file data-v4.pdb (PDB, N, CA and C atoms)
ATOM      1  N   MET Q   1     130.873  78.872 132.270
ATOM      2  CA  MET Q   1     130.744  77.460 132.507
ATOM      3  C   MET Q   1     129.296  77.040 132.205
ATOM      4  N   THR Q   2     129.165  75.914 131.545
ATOM      5  CA  THR Q   2     127.841  75.383 131.215
ATOM      6  C   THR Q   2     127.456  74.289 132.201
ATOM      7  N   TRP Q   3     126.217  74.296 132.611
ATOM      8  CA  TRP Q   3     125.656  73.246 133.456
ATOM      9  C   TRP Q   3     124.628  72.478 132.656
ATOM     10  N   TRP Q   4     124.655  71.156 132.764
ATOM     11  CA  TRP Q   4     123.647  70.317 132.127
ATOM     12  C   TRP Q   4     122.946  69.490 133.192
ATOM     13  N   LYS Q   5     121.661  69.307 133.006
ATOM     14  CA  LYS Q   5     120.893  68.390 133.850
ATOM     15  C   LYS Q   5     120.539  67.189 132.990
ATOM     16  N   LEU Q   6     120.860  66.010 133.454
ATOM     17  CA  LEU Q   6     120.546  64.776 132.750
ATOM     18  C   LEU Q   6     119.415  64.091 133.499
ATOM     19  N   GLN Q   7     118.291  63.913 132.836
ATOM     20  CA  GLN Q   7     117.171  63.199 133.429
ATOM     21  C   GLN Q   7     117.024  61.874 132.687
ATOM     22  N   THR Q   8     117.081  60.791 133.431
ATOM     23  CA  THR Q   8     116.995  59.458 132.870
ATOM     24  C   THR Q   8     115.645  58.867 133.242
ATOM     25  N   PHE Q   9     114.909  58.372 132.237
ATOM     26  CA  PHE Q   9     113.547  57.887 132.452
ATOM     27  C   PHE Q   9     113.431  56.396 132.172
ATOM     28  N   TYR Q  10     112.632  55.724 132.996
ATOM     29  CA  TYR Q  10     112.379  54.305 132.777
ATOM     30  C   TYR Q  10     111.558  54.106 131.509
ATOM     31  N   GLY Q  11     111.894  53.055 130.777
ATOM     32  CA  GLY Q  11     111.142  52.693 129.588
ATOM     33  C   GLY Q  11     110.419  51.376 129.755
ATOM     34  N   VAL Q  12     110.330  50.899 130.995
ATOM     35  CA  VAL Q  12     109.689  49.617 131.290
ATOM     36  C   VAL Q  12     108.616  49.808 132.356
ATOM     37  N   GLU Q  13     107.737  48.856 132.426
ATOM     38  CA  GLU Q  13     106.690  48.856 133.451
ATOM     39  C   GLU Q  13     106.940  47.641 134.337
ATOM     40  N   GLU Q  14     107.585  47.863 135.482
ATOM     41  CA  GLU Q  14     107.878  46.803 136.448
ATOM     42  C   GLU Q  14     107.477  47.287 137.840
ATOM     43  N   PRO Q  15     106.175  47.333 138.122
ATOM     44  CA  PRO Q  15     105.735  47.871 139.417
ATOM     45  C   PRO Q  15     106.284  47.108 140.617
ATOM     46  N   GLU Q  16     106.548  45.805 140.437
ATOM     47  CA  GLU Q  16     107.086  45.027 141.553
ATOM     48  C   GLU Q  16     108.499  45.484 141.932
ATOM     49  N   ASN Q  17     109.191  46.147 141.008
ATOM     50  CA  ASN Q  17     110.527  46.698 141.272
ATOM     51  C   ASN Q  17     110.503  48.210 141.470
ATOM     52  N   GLY Q  18     109.313  48.791 141.495
ATOM     53  CA  GLY Q  18     109.187  50.229 141.677
ATOM     54  C   GLY Q  18     109.482  51.043 140.434
ATOM     55  N   LYS Q  19     109.448  50.388 139.258
ATOM     56  CA  LYS Q  19     109.756  51.070 137.999
ATOM     57  C   LYS Q  19     108.480  51.208 137.170
ATOM     58  N   HIS Q  20     108.167  52.431 136.822
ATOM     59  CA  HIS Q  20     106.997  52.714 135.988
ATOM     60  C   HIS Q  20     107.454  53.536 134.795
ATOM     61  N   ARG Q  21     106.999  53.136 133.602
ATOM     62  CA  ARG Q  21     107.390  53.820 132.370
ATOM     63  C   ARG Q  21     107.126  55.320 132.497
ATOM     64  N   GLY Q  22     108.142  56.106 132.222
ATOM     65  CA  GLY Q  22     108.022  57.561 132.278
ATOM     66  C   GLY Q  22     108.485  58.178 133.581
ATOM     67  N   ASP Q  23     108.696  57.359 134.611
ATOM     68  CA  ASP Q  23     109.216  57.887 135.881
ATOM     69  C   ASP Q  23     110.695  58.226 135.728
ATOM     70  N   CYS Q  24     111.109  59.289 136.379
ATOM     71  CA  CYS Q  24     112.508  59.699 136.340
ATOM     72  C   CYS Q  24     113.317  58.792 137.267
ATOM     73  N   ALA Q  25     114.357  58.157 136.709
ATOM     74  CA  ALA Q  25     115.190  57.238 137.482
ATOM     75  C   ALA Q  25     116.283  57.992 138.237
ATOM     76  N   ILE Q  26     117.037  58.832 137.539
ATOM     77  CA  ILE Q  26     118.096  59.634 138.152
ATOM     78  C   ILE Q  26     118.109  61.009 137.497
ATOM     79  N   GLN Q  27     118.698  61.972 138.201
ATOM     80  CA  GLN Q  27     118.704  63.348 137.688
ATOM     81  C   GLN Q  27     119.960  64.087 138.144
ATOM     82  N   PRO Q  28     121.148  63.684 137.655
ATOM     83  CA  PRO Q  28     122.378  64.367 138.061
ATOM     84  C   PRO Q  28     122.630  65.648 137.257
ATOM     85  N   MET Q  29     123.525  66.475 137.780
ATOM     86  CA  MET Q  29     123.959  67.703 137.106
ATOM     87  C   MET Q  29     125.425  67.532 136.713
ATOM     88  N   PHE Q  30     125.804  68.121 135.565
ATOM     89  CA  PHE Q  30     127.171  68.011 135.073
ATOM     90  C   PHE Q  30     127.684  69.374 134.619
ATOM     91  N   THR Q  31     128.992  69.602 134.792
ATOM     92  CA  THR Q  31     129.645  70.775 134.231
ATOM     93  C   THR Q  31     130.670  70.350 133.182
ATOM     94  N   ASP Q  32     130.992  69.078 133.157
ATOM     95  CA  ASP Q  32     131.998  68.539 132.245
ATOM     96  C   ASP Q  32     131.311  67.735 131.148
ATOM     97  N   ASP Q  33     131.557  68.100 129.898
ATOM     98  CA  ASP Q  33     130.921  67.425 128.766
ATOM     99  C   ASP Q  33     131.305  65.949 128.696
ATOM    100  N   ARG Q  34     132.539  65.626 129.024
ATOM    101  CA  ARG Q  34     132.967  64.214 128.978
ATOM    102  C   ARG Q  34     132.208  63.378 129.993
ATOM    103  N   ALA Q  35     131.994  63.916 131.172
ATOM    104  CA  ALA Q  35     131.242  63.185 132.201
ATOM    105  C   ALA Q  35     129.782  63.009 131.768
ATOM    106  N   LEU Q  36     129.222  64.037 131.147
ATOM    107  CA  LEU Q  36     127.851  63.946 130.639
ATOM    108  C   LEU Q  36     127.742  62.856 129.581
ATOM    109  N   GLN Q  37     128.667  62.834 128.631
ATOM    110  CA  GLN Q  37     128.649  61.825 127.569
ATOM    111  C   GLN Q  37     128.832  60.425 128.139
ATOM    112  N   ALA Q  38     129.660  60.277 129.165
ATOM    113  CA  ALA Q  38     129.856  58.976 129.809
ATOM    114  C   ALA Q  38     128.568  58.507 130.488
ATOM    115  N   ALA Q  39     127.846  59.422 131.117
ATOM    116  CA  ALA Q  39     126.585  59.062 131.770
ATOM    117  C   ALA Q  39     125.536  58.654 130.747
ATOM    118  N   ILE Q  40     125.495  59.342 129.603
ATOM    119  CA  ILE Q  40     124.555  58.972 128.535
ATOM    120  C   ILE Q  40     124.916  57.595 127.990
ATOM    121  N   ALA Q  41     126.198  57.345 127.785
ATOM    122  CA  ALA Q  41     126.647  56.033 127.295
ATOM    123  C   ALA Q  41     126.280  54.933 128.287
ATOM    124  N   ALA Q  42     126.405  55.201 129.572
ATOM    125  CA  ALA Q  42     126.036  54.210 130.590
ATOM    126  C   ALA Q  42     124.535  53.934 130.554
ATOM    127  N   SER Q  43     123.737  54.941 130.241
ATOM    128  CA  SER Q  43     122.285  54.749 130.135
ATOM    129  C   SER Q  43     121.928  53.823 128.984
ATOM    130  N   HIS Q  44     122.724  53.863 127.915
ATOM    131  CA  HIS Q  44     122.494  52.970 126.778
ATOM    132  C   HIS Q  44     122.673  51.505 127.173
ATOM    133  N   LEU Q  45     123.465  51.238 128.186
ATOM    134  CA  LEU Q  45     123.750  49.861 128.602
ATOM    135  C   LEU Q  45     122.670  49.266 129.493
ATOM    136  N   ARG Q  46     121.807  50.105 130.037
ATOM    137  CA  ARG Q  46     120.762  49.621 130.946
ATOM    138  C   ARG Q  46     119.502  49.281 130.163
ATOM    139  N   ASP Q  47     118.977  48.074 130.387
ATOM    140  CA  ASP Q  47     117.779  47.628 129.689
ATOM    141  C   ASP Q  47     116.512  48.332 130.162
ATOM    142  N   ASP Q  48     116.530  48.875 131.381
ATOM    143  CA  ASP Q  48     115.317  49.479 131.924
ATOM    144  C   ASP Q  48     115.169  50.965 131.588
ATOM    145  N   ILE Q  49     116.156  51.568 130.949
ATOM    146  CA  ILE Q  49     116.092  52.997 130.613
ATOM    147  C   ILE Q  49     115.535  53.166 129.201
ATOM    148  N   GLY Q  50     114.528  54.011 129.073
ATOM    149  CA  GLY Q  50     113.888  54.234 127.778
ATOM    150  C   GLY Q  50     114.414  55.455 127.045
ATOM    151  N   TRP Q  51     114.660  56.548 127.783
ATOM    152  CA  TRP Q  51     115.167  57.759 127.154
ATOM    153  C   TRP Q  51     115.818  58.655 128.191
ATOM    154  N   VAL Q  52     116.613  59.604 127.703
ATOM    155  CA  VAL Q  52     117.221  60.619 128.561
ATOM    156  C   VAL Q  52     116.901  61.993 127.979
ATOM    157  N   ASP Q  53     116.734  62.944 128.857
ATOM    158  CA  ASP Q  53     116.598  64.347 128.482
ATOM    159  C   ASP Q  53     117.826  65.080 128.997
ATOM    160  N   VAL Q  54     118.472  65.833 128.117
ATOM    161  CA  VAL Q  54     119.621  66.656 128.499
ATOM    162  C   VAL Q  54     119.187  68.108 128.381
ATOM    163  N   THR Q  55     119.259  68.836 129.486
ATOM    164  CA  THR Q  55     118.850  70.236 129.507
ATOM    165  C   THR Q  55     120.052  71.121 129.792
ATOM    166  N   ASP Q  56     120.300  72.092 128.921
ATOM    167  CA  ASP Q  56     121.311  73.118 129.158
ATOM    168  C   ASP Q  56     120.707  74.097 130.167
ATOM    169  N   MET Q  57     121.286  74.201 131.336
ATOM    170  CA  MET Q  57     120.699  75.008 132.400
ATOM    171  C   MET Q  57     120.877  76.509 132.190
ATOM    172  N   ILE Q  58     121.700  76.913 131.227
ATOM    173  CA  ILE Q  58     121.868  78.331 130.910
ATOM    174  C   ILE Q  58     120.789  78.770 129.919
ATOM    175  N   THR Q  59     120.639  78.007 128.832
ATOM    176  CA  THR Q  59     119.685  78.373 127.772
ATOM    177  C   THR Q  59     118.339  77.671 127.916
ATOM    178  N   HIS Q  60     118.269  76.656 128.770
ATOM    179  CA  HIS Q  60     117.066  75.848 128.993
ATOM    180  C   HIS Q  60     116.637  75.070 127.753
ATOM    181  N   LYS Q  61     117.571  74.837 126.833
ATOM    182  CA  LYS Q  61     117.276  74.012 125.662
ATOM    183  C   LYS Q  61     117.329  72.547 126.066
ATOM    184  N   LEU Q  62     116.342  71.804 125.591
ATOM    185  CA  LEU Q  62     116.201  70.393 125.936
ATOM    186  C   LEU Q  62     116.467  69.535 124.714
ATOM    187  N   ARG Q  63     117.207  68.449 124.931
ATOM    188  CA  ARG Q  63     117.450  67.464 123.874
ATOM    189  C   ARG Q  63     117.071  66.102 124.430
ATOM    190  N   ARG Q  64     116.235  65.371 123.705
ATOM    191  CA  ARG Q  64     115.815  64.033 124.129
ATOM    192  C   ARG Q  64     116.520  62.999 123.271
ATOM    193  N   GLU Q  65     117.009  61.944 123.925
ATOM    194  CA  GLU Q  65     117.682  60.862 123.228
ATOM    195  C   GLU Q  65     117.072  59.540 123.673
ATOM    196  N   TYR Q  66     116.549  58.785 122.709
ATOM    197  CA  TYR Q  66     115.941  57.486 123.008
ATOM    198  C   TYR Q  66     117.010  56.408 123.022
ATOM    199  N   MET Q  67     116.875  55.458 123.925
ATOM    200  CA  MET Q  67     117.890  54.430 124.096
ATOM    201  C   MET Q  67     117.723  53.266 123.127
ATOM    202  N   ARG Q  68     116.543  53.035 122.622
ATOM    203  CA  ARG Q  68     116.306  51.907 121.715
ATOM    204  C   ARG Q  68     115.918  52.395 120.355
TER     205      ARG Q  68
END
call {"tool": "encode", "arguments": {"input": "data-v4.pdb", "output": "structure tokens"}}
result
Amino acid sequence: MTWWKLQTFYGVEEPENGKHRGDCAIQPMFTDDRALQAAIAASHLRDDIGWVDVTDMITHKLRREYMR
């Protein structure tokens, strides 16, 4: 079974809302590829998300995907 860690990072600077560019917004773990892809797709819909990092927890390979 493969585990993935999805780290979602803010791409905006809104200190009044507690959002700073580069801060990690959420960091869930997934074992199901469909659920991982759905979470990445949901990140594309948010205006405040700048990029996501997907890490394979077995091989520790990292893939970065920019939202814009």
call {"tool": "atom_distance", "arguments": {"input": "data-v4.pdb", "atom1": "CA of Leu36 in chain Q", "atom2": "CA of Pro15 in chain Q"}}
result
28.7 Å
call {"tool": "closest_residue", "arguments": {"input": "data-v4.pdb", "among": "Q:Ala41, Q:Met29, Q:Cys24, Q:Leu62", "to": "Trp4 in chain Q", "atoms": "only C-alpha atoms"}}
result
Q:Met29
call {"tool": "residues_around", "arguments": {"input": "data-v4.pdb", "residues": "Ala39 in chain Q", "least_positions_apart": "4", "cutoff": "10 Å", "atoms": "only C-alpha atoms", "output": "ChimeraX atom specification"}}
result
/Q:6,8,28,30,33-35,43-44
call {"tool": "closest_residue", "arguments": {"input": "data-v4.pdb", "among": "Q:Ala38, Q:Met67, Q:Ile49, Q:Ile58", "to": "Lys19 in chain Q", "atoms": "only C-alpha atoms"}}
result
Q:Ile49
call {"tool": "atom_distance", "arguments": {"input": "data-v4.pdb", "atom1": "CA of Arg68 in chain Q", "atom2": "atom C of Arg21 in chain Q"}}
result
14.6 Å
call {"tool": "axis_aligned_box", "arguments": {"input": "data-v4.pdb", "around": "range 38-55 of chain Q", "padding_each_side": "5 Å", "output": "AutoDock Vina command-line options"}}
result
--center_x 121.9 --center_y 59.4 --center_z 129.4 --size_x 26.0 --size_y 33.5 --size_z 15.1
call {"tool": "residues_near_point", "arguments": {"input": "data-v4.pdb", "point": "(122.0, 73.4, 133.3)", "cutoff": "6 Å", "atoms": "only C-alpha atoms", "output": "tab-separated table (two decimals) with N, CA and C atoms, keeping the file's coordinate frame"}}
result
chain	number	residue	atom	x	y	z
Q	3	TRP	N	126.22	74.30	132.61
Q	3	TRP	CA	125.66	73.25	133.46
Q	3	TRP	C	124.63	72.48	132.66
Q	4	TRP	N	124.66	71.16	132.76
Q	4	TRP	CA	123.65	70.32	132.13
Q	4	TRP	C	122.95	69.49	133.19
Q	5	LYS	N	121.66	69.31	133.01
Q	5	LYS	CA	120.89	68.39	133.85
Q	5	LYS	C	120.54	67.19	132.99
Q	55	THR	N	119.26	68.84	129.49
Q	55	THR	CA	118.85	70.24	129.51
Q	55	THR	C	120.05	71.12	129.79
Q	56	ASP	N	120.30	72.09	128.92
Q	56	ASP	CA	121.31	73.12	129.16
Q	56	ASP	C	120.71	74.10	130.17
Q	57	MET	N	121.29	74.20	131.34
Q	57	MET	CA	120.70	75.01	132.40
Q	57	MET	C	120.88	76.51	132.19
Q	58	ILE	N	121.70	76.91	131.23
Q	58	ILE	CA	121.87	78.33	130.91
Q	58	ILE	C	120.79	78.77	129.92
call {"tool": "select_by_dssp", "arguments": {"input": "data-v4.pdb", "residues": "chain Q", "states": "strand (DSSP E)", "output": "list in words"}}
result
Trp4, Lys5, Leu6, Gln7, Thr8, Phe9, Tyr10, Cys24, Ala25, Ile26, Met29, Phe30, Ile49, Gly50, Trp51, Val52, Asp53, Val54, Thr55, Asp56, Leu62, Arg63, Arg64, Glu65 and Tyr66 of chain Q
call {"tool": "select_by_dssp", "arguments": {"input": "data-v4.pdb", "residues": "chain Q", "states": "alpha helix (DSSP H)", "output": "ChimeraX atom specification"}}
result
/Q:33-45
call {"tool": "atom_distance", "arguments": {"input": "data-v4.pdb", "atom1": "CA of Tyr10 in chain Q", "atom2": "atom N of Ile26 in chain Q"}}
result
8.1 Å
call {"tool": "residues_around", "arguments": {"input": "data-v4.pdb", "residues": "Glu65 in chain Q", "least_positions_apart": "4", "cutoff": "7 Å", "atoms": "only C-alpha atoms", "output": "short mmCIF file (atom, residue, chain, number, x, y, z; two decimals) with N, CA and C atoms, in the frame of the given file"}}
result
data_model
loop_
_atom_site.label_atom_id
_atom_site.label_comp_id
_atom_site.auth_asym_id
_atom_site.auth_seq_id
_atom_site.Cartn_x
_atom_site.Cartn_y
_atom_site.Cartn_z
N TRP Q 51 114.66 56.55 127.78
CA TRP Q 51 115.17 57.76 127.15
C TRP Q 51 115.82 58.66 128.19
N VAL Q 52 116.61 59.60 127.70
CA VAL Q 52 117.22 60.62 128.56
C VAL Q 52 116.90 61.99 127.98
N ASP Q 53 116.73 62.94 128.86
CA ASP Q 53 116.60 64.35 128.48
C ASP Q 53 117.83 65.08 129.00
#
call {"tool": "closest_residue", "arguments": {"input": "data-v4.pdb", "among": "Q:Val54, Q:Met1, Q:Asp32, Q:Asp48", "to": "Asn17 in chain Q", "atoms": "only C-alpha atoms"}}
result
Q:Asp48
call {"tool": "decode", "arguments": {"input": "data-v4.pdb", "residues": "chain Q", "atoms": "C-alpha atoms", "output": "mmCIF file, in the first residue's frame"}}
result
data_model
loop_
_atom_site.group_PDB
_atom_site.id
_atom_site.type_symbol
_atom_site.label_atom_id
_atom_site.label_comp_id
_atom_site.auth_asym_id
_atom_site.auth_seq_id
_atom_site.Cartn_x
_atom_site.Cartn_y
_atom_site.Cartn_z
ATOM 1 C CA MET Q 1 0.000 0.000 0.000
ATOM 2 C CA THR Q 2 1.258 3.472 -0.877
ATOM 3 C CA TRP Q 3 0.862 6.466 1.412
ATOM 4 C CA TRP Q 4 0.960 10.030 0.119
ATOM 5 C CA LYS Q 5 1.268 13.233 2.098
ATOM 6 C CA LEU Q 6 -0.336 16.267 0.481
ATOM 7 C CA GLN Q 7 0.962 19.613 1.687
ATOM 8 C CA THR Q 8 -1.012 22.627 0.518
ATOM 9 C CA PHE Q 9 0.682 26.036 0.701
ATOM 10 C CA TYR Q 10 -0.743 29.539 0.650
ATOM 11 C CA GLY Q 11 0.168 31.632 -2.365
ATOM 12 C CA VAL Q 12 -1.168 34.896 -0.942
ATOM 13 C CA GLU Q 13 -0.108 37.346 1.727
ATOM 14 C CA GLU Q 14 -3.153 38.119 3.904
ATOM 15 C CA PRO Q 15 -1.855 38.596 7.459
ATOM 16 C CA GLU Q 16 -5.235 39.894 8.633
ATOM 17 C CA ASN Q 17 -6.646 36.425 7.806
ATOM 18 C CA GLY Q 18 -3.644 34.539 9.170
ATOM 19 C CA LYS Q 19 -2.410 33.600 5.684
ATOM 20 C CA HIS Q 20 1.229 34.121 4.765
ATOM 21 C CA ARG Q 21 2.734 33.087 1.428
ATOM 22 C CA GLY Q 22 4.576 29.798 1.863
ATOM 23 C CA ASP Q 23 2.786 28.718 5.047
ATOM 24 C CA CYS Q 24 1.340 25.220 4.987
ATOM 25 C CA ALA Q 25 -2.470 25.397 4.952
ATOM 26 C CA ILE Q 26 -3.345 21.688 5.296
ATOM 27 C CA GLN Q 27 -1.386 18.442 5.378
ATOM 28 C CA PRO Q 28 -3.567 15.316 4.996
ATOM 29 C CA MET Q 29 -2.398 11.754 4.299
ATOM 30 C CA PHE Q 30 -3.930 9.518 1.616
ATOM 31 C CA THR Q 31 -3.797 5.828 0.698
ATOM 32 C CA ASP Q 32 -6.262 6.102 -2.188
ATOM 33 C CA ASP Q 33 -5.076 7.714 -5.428
ATOM 34 C CA ARG Q 34 -8.590 8.893 -6.325
ATOM 35 C CA ALA Q 35 -8.952 10.719 -3.015
ATOM 36 C CA LEU Q 36 -5.527 12.314 -3.511
ATOM 37 C CA GLN Q 37 -6.450 13.506 -7.015
ATOM 38 C CA ALA Q 38 -9.758 14.897 -5.708
ATOM 39 C CA ALA Q 39 -7.923 16.868 -3.007
ATOM 40 C CA ILE Q 40 -5.492 18.290 -5.589
ATOM 41 C CA ALA Q 41 -8.425 19.257 -7.828
ATOM 42 C CA ALA Q 42 -10.107 20.988 -4.874
ATOM 43 C CA SER Q 43 -6.896 22.961 -4.267
ATOM 44 C CA HIS Q 44 -7.092 24.269 -7.835
ATOM 45 C CA LEU Q 45 -10.466 25.838 -6.982
ATOM 46 C CA ARG Q 46 -9.153 27.874 -4.047
ATOM 47 C CA ASP Q 47 -7.796 31.331 -4.857
ATOM 48 C CA ASP Q 48 -5.562 31.420 -1.777
ATOM 49 C CA ILE Q 49 -3.583 28.236 -2.578
ATOM 50 C CA GLY Q 50 -0.343 28.734 -4.494
ATOM 51 C CA TRP Q 51 1.060 25.211 -4.766
ATOM 52 C CA VAL Q 52 0.862 21.670 -3.423
ATOM 53 C CA ASP Q 53 3.610 19.187 -2.663
ATOM 54 C CA VAL Q 54 2.799 15.484 -2.986
ATOM 55 C CA THR Q 55 5.228 13.188 -1.182
ATOM 56 C CA ASP Q 56 5.290 9.406 -1.606
ATOM 57 C CA MET Q 57 5.884 8.271 1.974
ATOM 58 C CA ILE Q 58 7.511 4.992 0.869
ATOM 59 C CA THR Q 59 10.104 6.405 -1.558
ATOM 60 C CA HIS Q 60 10.104 9.994 -0.200
ATOM 61 C CA LYS Q 61 9.865 11.345 -3.755
ATOM 62 C CA LEU Q 62 8.365 14.817 -3.883
ATOM 63 C CA ARG Q 63 6.309 16.328 -6.690
ATOM 64 C CA ARG Q 64 5.339 20.012 -6.662
ATOM 65 C CA GLU Q 65 2.325 21.294 -8.565
ATOM 66 C CA TYR Q 66 1.611 25.012 -8.952
ATOM 67 C CA MET Q 67 -2.009 26.115 -8.964
ATOM 68 C CA ARG Q 68 -1.649 29.116 -11.289
#
